[in-house]
Structure formats: C-alpha cells, structure tokens
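Engineer: Okay, handing you the structure first.
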Amino acid sequence: MQLEPMYIFIFIGFCFSVFLYYLKKSAYRKSVTFRMYAVRDEFVFLVAQNKISEDSKVFQFYYKRINALLSHAPNIGLDDVLHSLIKMKENNLEGSLKKAIKEAEEIMKLRELECSEVRGAIKSFYVVSQDMMLAHSSTIRFMYFVFIRGKLFRYCHKILPSQIVATLKAIQFAEQEKSHLQLIFLFT
C-alpha cells in the first residue's frame, strides 16, 4: 500500500500547525507574564514618585496579588488562578472570592485613587490579570466566551463545577473593575 503524497503533506501540515499553536500559546503566556512584571514596576514607580506610599493599602493589596500571580505564572492553570488571585486560606472558594471583591471595593474608595496614575496602574492590573487567567487555561477561555461574553453567566452555576464558576466570577470581576476604572477616567 502506497501513501499518496497529498496525505503525507496534509499530515506534515497538521503536525506543523499543532507545533505553531503550542509555540504561540507559550509565547503569549510569557508575554502576559512580562506585562504583569511591568504592572508591578508601575506600582513601584508610583511609590518612587511619592504618588502613593509603600505602606498604603492600595500598594500593599495590589503588590501582594501581583507577586502571587507571578509566583504561579509558569504553571498557572485552572486550580492555581483562584489560589494566586485571591490568596485562598479557606476551602470555600465562593467566600474567598467575595472577601477579595470586598477588599478591592474598599480600596476603590481610598483617597490614593484620586491620582490618575494610580488608577491607571490598577486598571493595568485588572487587564493583565484577566489576560493571564485566560491565557493559561483553554477551558476557562472557552467558558469565558460562552458564559460571560455570551451573556449566559446566570446559568453557568447550574451546569459547571463550583471551581470553574468561581474562576469565571474572578475574571468577570476583573472585567467589571477595568470598566469601572475606564468610567472614572472619563469623568476626571
């Protein structure tokens, strides 16, 4: 039995496409990781310019979360996203997420956010953290587009495991905060 050259070329093309996909995915993950380092540098630069204090709640909150994300960046996945983003101490994912959201909302009321550079750094954090969560999990990226972008989020808790729902809520929260900060930029 002789294989036709066309089938051989199709097979080689398929293998090459898979190789390029994984190469692109790896490069994108590294790119997002370096963008998170840039966000951390933004916060350090704001401290160096005396725009915020190193002891401020804003700096401490975001700097700690950035370092947690970066420590898990090479192997961040479905299980690691929530752990690194919301500093999980208890087994209740829903409770941990609510606690992190409450902390972030309290920080949004602080005086340090009057500075546009501080708001810009916080917005960058939410943009890059959302990208990081989506870049490191194909499953979450698919669920994000189906349930959040597809406006079906209210149905996902009936269908999906609680850990995926909690991760989607974290991504949705990052998107909401990013939008909230864009509105603040428009009116100031």
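By convention in this document, the chains of the structure tokens carry letters A, B, ... by their order, each chain's residues are numbered from 1, and ligands are numbered from 1 in the order they are shown.
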So that I can check the surroundings of range 32-39 of chain A, please list as a PyMOL selection string every protein, DNA and RNA residue that reaches within 12 Å of it, counting only C-alpha atoms and ignoring chain neighbours fewer than 2 positions away.
Structural biologist: chain A and resi 25-30+41-46+59+62-63+65-76+117-136
Engineer: State, in Å with one decimal place, the distance from CA of Ala166 in chain A to CA of Val58 in chain A.
Structural biologist: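 Atom-to-atom, CA of Ala166 in chain A to CA of Val58 in chain A, that is 23.8 Å.
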Engineer: Quick one: everything within 8 Å of Glu112 in chain A, counting only C-alpha atoms, minus sequence neighbours fewer than 2 positions away in the same chain. Send it as a tab-separated table (two decimals) with N, CA and C atoms, in the first residue's frame.
Structural biologist:
chain	number	residue	atom	x	y	z
A	51	LYS	N	3.67	59.17	44.69
A	51	LYS	CA	2.24	59.25	44.33
A	51	LYS	C	1.42	58.43	45.32
A	52	ILE	N	2.00	57.33	45.79
A	52	ILE	CA	1.40	56.52	46.86
A	52	ILE	C	2.52	56.11	47.80
A	58	VAL	N	-3.51	50.49	49.06
A	58	VAL	CA	-3.54	50.29	47.61
A	58	VAL	C	-2.29	49.54	47.17
A	110	LEU	N	-10.58	54.71	48.46
A	110	LEU	CA	-9.48	55.41	49.14
A	110	LEU	C	-9.05	56.66	48.37
A	114	GLU	N	-7.47	59.15	43.71
A	114	GLU	CA	-7.69	60.44	43.06
A	114	GLU	C	-6.61	60.70	42.01
A	115	CYS	N	-5.47	60.08	42.18
A	115	CYS	CA	-4.36	60.24	41.25
A	115	CYS	C	-4.61	59.37	40.01
A	118	VAL	N	-2.31	56.29	39.56
A	118	VAL	CA	-2.65	55.15	40.42
A	118	VAL	C	-3.81	54.38	39.82
Engineer: Report, in Å to a single decimal, how far apart CA of Ser53 in chain A and CA of Ser116 in chain A are.
Structural biologist: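 Between CA of Ser116 in chain A and CA of Ser53 in chain A the gap is 15.2 Å.
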Engineer: Quick check, in Å to one decimal: how far apart do CA of Arg40 in chain A and CA of Tyr21 in chain A lie?
Structural biologist: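 So the two atoms, CA of Arg40 in chain A and CA of Tyr21 in chain A, lie 28.8 Å apart.
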Engineer: With distances taken over only C-alpha atoms, which of A:Ala174, A:Met108, A:Leu152, A:Ile159 is nearest to Lys57 in chain A?
Structural biologist: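 With only C-alpha atoms as the atom set, the closest residue is A:Met108.
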Engineer: Would you mind telling me which residue in A:Leu168, A:Ser56, A:Met6, A:Gln163 lies nearest to Arg111 in chain A when using only C-alpha atoms?
Structural biologist: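 Residue with the minimum atom-to-atom distance to Arg111 in chain A: A:Ser56.
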